[in-house]
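*Asks:* So that you have it, the file is target32.txt, and it contains compact mmCIF, C-alpha atoms (C1' of nucleotides):
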# COMPACT_ATOMS: atom_id res chain seq x y z
CA MET A 984 44.88 -10.55 -4.68
CA VAL A 985 46.87 -12.32 -1.99
CA ASP A 986 45.40 -12.69 1.47
CA TYR A 987 47.29 -13.39 4.67
CA ARG A 988 46.33 -14.77 8.01
CA ILE A 989 48.10 -13.02 10.83
CA ASP A 990 50.77 -15.68 11.00
CA ASP A 991 51.48 -15.47 7.25
CA LEU A 992 51.74 -11.71 7.45
CA ALA A 993 54.13 -11.80 10.38
CA ARG A 994 56.37 -14.36 8.64
CA ALA A 995 56.37 -12.47 5.36
CA ALA A 996 57.47 -9.30 7.11
CA GLY A 997 59.96 -11.09 9.35
CA THR A 998 58.28 -10.24 12.62
CA THR A 999 56.03 -11.96 15.14
CA VAL A 1000 52.29 -12.29 15.49
CA ARG A 1001 52.52 -10.50 18.79
CA ASN A 1002 54.09 -7.44 17.23
CA VAL A 1003 51.59 -7.30 14.42
CA ARG A 1004 48.86 -7.18 17.04
CA VAL A 1005 50.62 -4.38 18.88
CA TYR A 1006 51.02 -2.30 15.72
CA GLN A 1007 47.39 -2.92 15.00
CA ASP A 1008 46.35 -1.77 18.47
CA ARG A 1009 48.48 1.32 18.14
CA GLU A 1010 46.78 2.02 14.83
CA LEU A 1011 50.00 1.88 12.86
CA LEU A 1012 48.43 -0.88 10.78
CA PRO A 1013 45.06 -0.33 9.15
CA PRO A 1014 42.25 -2.53 10.48
CA PRO A 1015 42.24 -5.88 8.68
CA ARG A 1016 39.22 -7.30 6.97
CA ARG A 1017 37.33 -9.68 9.22
CA GLU A 1018 36.14 -13.09 8.27
CA GLY A 1019 34.17 -14.27 11.19
CA ARG A 1020 36.58 -14.08 14.04
CA THR A 1021 39.83 -14.13 12.12
CA ALA A 1022 41.64 -11.19 10.58
CA ILE A 1023 42.49 -11.16 6.89
CA TYR A 1024 45.35 -8.95 5.69
CA SER A 1025 46.25 -7.81 2.19
CA ASP A 1026 49.45 -6.94 0.37
CA ALA A 1027 48.86 -3.34 1.35
CA HIS A 1028 49.14 -4.40 4.99
CA LEU A 1029 52.38 -6.18 4.25
CA VAL A 1030 53.84 -3.09 2.61
CA ARG A 1031 52.79 -0.98 5.57
CA LEU A 1032 54.11 -3.49 8.05
CA ARG A 1033 57.51 -3.51 6.36
CA LEU A 1034 57.53 0.28 6.50
CA ILE A 1035 56.79 0.20 10.23
CA ILE A 1036 59.51 -2.34 10.95
CA ASN A 1037 61.95 -0.37 8.86
CA MET A 1038 61.27 2.84 10.75
CA LEU A 1039 61.44 1.05 14.07
CA GLU A 1040 64.85 -0.28 13.15
CA ARG A 1041 65.95 3.22 12.29
CA GLY A 1042 65.05 4.30 15.78
CA TYR A 1043 61.71 6.04 15.28
CA ALA A 1044 59.22 5.83 18.12
CA PHE A 1045 55.68 4.58 17.64
CA ALA A 1046 54.30 8.09 17.99
CA GLN A 1047 56.56 9.41 15.26
CA ILE A 1048 55.71 6.59 12.91
CA LYS A 1049 52.07 7.21 13.51
CA GLU A 1050 52.51 10.88 12.75
CA MET A 1051 54.09 10.02 9.44
CA ILE A 1052 51.32 7.62 8.56
CA VAL A 1053 48.57 10.02 9.56
CA ALA A 1054 50.21 12.78 7.56
CA TRP A 1055 50.59 10.44 4.61
CA GLU A 1056 46.98 9.39 4.73
CA SER A 1057 45.68 12.90 5.10
CA GLY A 1058 47.36 13.62 1.80
CA ARG A 1059 50.15 15.90 2.83
CA SER A 1060 53.48 15.79 1.10
CA LEU A 1061 56.58 14.50 2.80
CA GLY A 1062 57.93 18.00 2.55
CA GLU A 1063 55.14 19.30 4.69
CA VAL A 1064 55.61 16.51 7.19
CA LEU A 1065 59.24 17.37 7.60
CA GLY A 1066 58.47 21.08 7.81
CA LEU A 1067 60.39 21.83 4.66
CA GLU A 1068 57.49 23.60 3.10
CA GLU A 1069 57.97 26.63 5.28
CA VAL A 1070 61.62 26.88 4.45
CA VAL A 1071 61.04 26.42 0.77
CA GLY A 1072 58.00 28.64 0.54
CA ALA A 1073 55.02 27.88 -1.58
CA SER A 1074 56.92 28.99 -4.64
CA TRP A 1075 58.52 25.63 -5.26
CA ALA A 1076 55.26 23.78 -5.40
CA ASP A 1077 54.00 24.67 -8.83
CA GLU A 1078 54.48 27.55 -11.14
CA GLU A 1079 52.35 28.64 -14.00
CA PRO A 1080 53.79 29.45 -17.39
CA ARG A 1081 53.66 33.17 -17.94
CA ALA A 1082 53.38 35.22 -21.08
CA VAL A 1083 56.30 37.55 -21.59
CA THR A 1084 56.35 40.35 -24.11
CA VAL A 1085 59.30 41.26 -26.24
CA GLY A 1086 59.40 44.59 -24.45
CA GLU A 1087 59.73 42.84 -21.11
CA LEU A 1088 62.57 40.69 -22.35
CA ARG A 1089 64.36 43.74 -23.75
CA LYS A 1090 64.04 45.44 -20.43
CA LYS A 1091 65.41 42.43 -18.57
CA PHE A 1092 68.25 41.57 -20.90
CA GLY A 1093 68.98 44.81 -22.66
CA LYS A 1094 71.11 44.64 -25.76
CA GLN A 1095 72.06 41.02 -25.04
CA PHE A 1096 68.52 40.17 -26.09
CA SER A 1097 69.72 39.03 -29.50
CA PRO A 1098 68.20 36.68 -32.10
CA SER A 1099 70.86 34.05 -31.40
CA ASN A 1100 70.20 34.14 -27.67
CA ILE A 1101 66.48 33.93 -28.28
CA LYS A 1102 67.02 30.93 -30.51
CA ARG A 1103 69.13 29.24 -27.89
CA SER A 1104 66.64 30.00 -25.12
CA ILE A 1105 63.94 28.35 -27.18
CA GLU A 1106 66.14 25.33 -27.82
CA LEU A 1107 66.73 25.02 -24.10
CA GLY A 1108 63.00 25.22 -23.42
CA LEU A 1109 63.42 28.43 -21.46
CA LEU A 1110 61.13 30.27 -23.85
CA GLU A 1111 58.36 29.25 -26.19
CA ARG A 1112 57.20 31.15 -29.25
CA ARG A 1113 53.66 32.45 -29.19
CA GLY A 1114 53.34 34.28 -32.46
CA ARG A 1115 54.86 37.69 -31.95
CA SER A 1116 55.73 37.28 -28.26
CA PHE A 1117 56.76 34.46 -25.88
CA VAL A 1118 55.73 32.23 -23.01
CA SER A 1119 58.06 31.29 -20.19
CA PRO A 1120 57.35 27.77 -18.88
CA SER A 1121 59.25 28.68 -15.72
CA PRO A 1122 59.06 32.37 -14.80
CA GLN A 1123 61.24 31.65 -11.76
CA LEU A 1124 64.03 30.40 -13.94
CA LEU A 1125 63.62 33.37 -16.23
CA ASP A 1126 63.75 35.79 -13.31
CA ALA A 1127 66.80 34.08 -11.88
CA GLY A 1128 68.51 34.42 -15.24
CA ALA A 1129 67.51 38.06 -15.53
CA GLU A 1130 68.95 38.72 -12.11
CA LEU A 1131 72.27 37.18 -13.03
CA VAL A 1132 72.38 39.30 -16.15
CA SER A 1133 71.55 42.42 -14.16
CA LEU A 1134 74.48 41.55 -11.91
CA GLY A 1135 76.73 41.61 -14.91
CA VAL A 1136 76.92 37.96 -15.97
CA PRO A 1137 76.85 37.70 -19.77
CA LEU A 1138 73.61 36.18 -21.07
CA ASN A 1139 75.64 33.65 -23.04
CA GLU A 1140 77.07 32.26 -19.86
CA VAL A 1141 73.73 32.34 -18.11
CA LEU A 1142 72.40 30.14 -20.89
CA ASP A 1143 75.42 27.84 -20.55
CA LEU A 1144 74.61 27.61 -16.87
CA ALA A 1145 70.94 26.88 -17.53
CA GLU A 1146 71.88 24.08 -19.88
CA GLN A 1147 74.35 22.51 -17.48
CA LEU A 1148 71.93 22.88 -14.57
CA GLN A 1149 69.19 21.21 -16.56
CA LYS A 1150 71.39 18.21 -17.28
CA ASP A 1151 72.67 17.86 -13.76
CA ILE A 1152 69.27 18.21 -12.16
CA ASP A 1153 67.79 15.73 -14.62
CA HIS A 1154 70.47 13.29 -13.64
CA VAL A 1155 69.90 13.65 -9.92
CA ALA A 1156 66.12 13.50 -10.28
CA GLU A 1157 66.46 10.32 -12.32
CA ILE A 1158 68.53 8.73 -9.60
CA LEU A 1159 65.97 9.61 -6.95
CA VAL A 1160 63.06 8.34 -8.96
CA GLU A 1161 64.91 5.17 -9.86
CA VAL A 1162 65.60 4.46 -6.21
CA VAL A 1163 61.90 4.76 -5.42
CA ARG A 1164 60.97 2.62 -8.37
CA LYS A 1165 63.42 -0.07 -7.37
CA HIS A 1166 62.57 -0.28 -3.69
CA VAL A 1167 58.98 0.86 -3.40
CA LEU A 1168 57.24 0.26 -6.71
CA THR A 1169 58.55 -3.23 -6.98
CA ARG A 1170 55.92 -4.67 -9.27
CA PRO A 1171 55.61 -3.76 -12.95
CA VAL A 1172 51.89 -4.35 -12.68
CA PRO A 1173 50.45 -3.65 -9.23
CA SER A 1174 47.59 -5.78 -7.98
CA ASP A 1175 44.19 -4.18 -7.46
CA ASP A 1176 44.62 -3.32 -3.82
CA GLU A 1177 48.12 -1.98 -4.40
CA ILE A 1178 46.97 0.53 -6.98
CA PRO A 1179 45.88 3.18 -4.46
CA TYR A 1180 49.25 2.90 -2.75
CA TYR A 1181 51.16 3.12 -6.03
CA SER A 1182 49.25 6.13 -7.21
CA ASP A 1183 49.83 7.71 -3.82
CA VAL A 1184 53.55 7.22 -4.18
CA LEU A 1185 53.59 8.58 -7.71
CA GLN A 1186 51.64 11.62 -6.64
CA ARG A 1187 54.11 12.33 -3.89
CA LEU A 1188 57.16 11.73 -5.99
CA ARG A 1189 57.20 15.21 -7.50
CA PRO A 1190 57.03 17.18 -4.24
CA LEU A 1191 59.39 14.66 -2.71
CA VAL A 1192 62.00 15.16 -5.40
CA MET A 1193 61.65 18.91 -5.12
CA SER A 1194 62.03 18.88 -1.36
CA ALA A 1195 65.08 16.70 -1.59
CA LEU A 1196 66.68 18.81 -4.29
CA ASN A 1197 65.95 22.00 -2.43
CA ALA A 1198 67.39 20.73 0.82
CA ALA A 1199 70.46 19.39 -0.93
CA ALA A 1200 70.92 22.59 -2.89
CA ALA A 1201 70.63 24.72 0.22
CA ARG A 1202 73.28 22.71 2.02
CA SER A 1203 75.46 22.66 -1.02
CA ALA A 1204 75.21 26.41 -1.48
CA GLU A 1205 76.25 27.00 2.10
CA ARG A 1206 79.30 24.86 1.65
CA VAL A 1207 80.29 25.89 -1.84
CA ILE A 1208 79.70 29.63 -1.96
CA PRO A 1209 82.18 30.53 0.77
CA GLY A 1210 84.72 28.20 -0.80
CA VAL A 1211 84.48 29.84 -4.20
CA LEU A 1212 84.16 33.44 -3.15
CA GLY A 1213 86.34 33.35 -0.11
CA ASP A 1214 85.19 33.56 3.50
CA LYS A 1215 86.03 37.22 3.93
CA LEU A 1216 84.02 38.36 0.94
CA VAL A 1217 80.98 36.38 2.02
CA GLU A 1218 81.24 37.72 5.53
CA LEU A 1219 81.42 41.22 4.19
CA LEU A 1220 78.42 40.70 1.93
CA VAL A 1221 76.33 39.10 4.63
CA ASN A 1222 77.06 41.85 7.12
CA THR A 1223 76.34 44.68 4.74
CA GLY A 1224 73.47 42.97 3.00
CA LYS A 1225 71.06 42.66 5.89
CA PRO A 1226 72.27 44.85 8.71
CA GLY A 1227 69.19 44.22 10.80
CA GLU A 1228 69.31 40.47 10.63
CA ALA A 1229 73.01 39.85 10.63
CA SER A 1230 73.97 37.70 13.57
C1' DA B 777 44.53 -26.45 15.12
C1' DT B 778 44.56 -21.63 15.00
C1' DT B 779 43.16 -17.13 16.27
C1' DC B 780 41.62 -13.57 19.60
C1' DT B 781 41.52 -11.14 23.98
C1' DT B 782 43.29 -10.05 28.23
C1' DA B 783 46.75 -9.86 31.44
C1' DC B 784 51.24 -10.03 33.44
C1' DA B 785 56.19 -9.79 33.38
C1' DT C 984 58.38 -8.26 23.35
C1' DG C 985 57.24 -12.93 25.16
C1' DT C 986 54.17 -15.98 27.38
C1' DA C 987 49.81 -17.96 29.16
C1' DA C 988 45.03 -18.84 30.07
C1' DG C 989 40.48 -19.19 28.43
C1' DC C 990 37.49 -18.77 24.45
C1' DA C 991 35.45 -19.16 19.77
Could you quickly redo this structure as structure tokens?
*Replies:*
Amino acid sequence: MVDYRIDDLARAAGTTVRNVRVYQDRELLPPPRREGRTAIYSDAHLVRLRLIINMLERGYAFAQIKEMIVAWESGRSLGEVLGLEEVVGASWADEEPRAVTVGELRKKFGKQFSPSNIKRSIELGLLERRGRSFVSPSPQLLDAGAELVSLGVPLNEVLDLAEQLQKDIDHVAEILVEVVRKHVLTRPVPSDDEIPYYSDVLQRLRPLVMSALNAAAARSAERVIPGVLGDKLVELLVNTGKPGEAS
DNA sequence: ATTCTTACA
DNA sequence: TGTAAGCA
């Protein structure tokens, strides 16, 4: 474990002793360990200090940085901090696998519920065999698919879509995670006092990726749907769809 | 010699 | 954010 005196810490982070003291007074930096009269900082402090400086450079005010840190420490996800949770709804957080009967699947997919489509769904991980019936690892995905089918999209193409979506999302998620790994989790083997921080980051990675994907998808949908369907059609659909809420 | 606190600009 | 005085 590497210790720093205040001067070492300031140098390592590329700031001044004075500023470190200010951040400390403002409670942006956790209280250092005390050895007699002098303050001893750890790598965790350095990581935090770099975060503070980074946010300052990006124009955040002290109060905002503190909010972030408090939220972080109280164990809330970044999504919650940014208020995305309300937009997303709790549904994105976690979903439980659900048992689905053959009868249910028949009802949802009608005569397109064929052995070959079942086989493909299983290959794609959309369904799992449980003896005579099935389990859906992601009921949301299943429902979304069922809705497309009920709208008249052939199940074959829905499965094509699911496969493509899976690949694309995997790719994007990998990029996000890799960026975090590269810039935040910089050590292959964290030191003892970094371990809490690392596990914190890992724990937040999942909700973080989901928030990011959701936000990006929402923006993308707004841009792409009118382009594909044509502005007039969308306008018509929006106005007739929710008469009460249409602006 | 260095750090810490307080205070002022 | 920098600087200074007085202290441990």
*Asks:* Kindly provide, as a PyMOL selection string, the residues of chain A having any atom no farther than 12 Å from an atom of chain C, counting all atoms listed in the file.
*Replies:* chain A and resi 998-1005+1019-1021
*Asks:* Grab the CA of Tyr1024 in chain A to CA of Arg1164 in chain A distance for me, in Å with one decimal place.
*Replies:* 24.0 Å
*Asks:* Using all atoms listed in the file, determine which residues of chain B fall within 10 Å of chain A; present them as a list in words.
*Replies:* DT778, DT779 and DC780 of chain B
*Asks:* For the atom pair CA of Glu1050 in chain A and CA of Ala1199 in chain A, what is the interatomic distance in Å to one decimal place?
*Replies:*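 Rounded to one decimal, the two atoms are 24.1 Å apart.
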*Asks:* Would you list the contacts of Val1083 in chain A as a list in words, taking every protein, DNA or RNA residue within 8 Å and counting all atoms listed in the file, but skipping same-chain residues closer than 2 positions in sequence?
*Replies:*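 Those residues are Arg1081, Val1085, Glu1087, Leu1088, Ser1116, Phe1117, Val1118 and Ser1119 of chain A.
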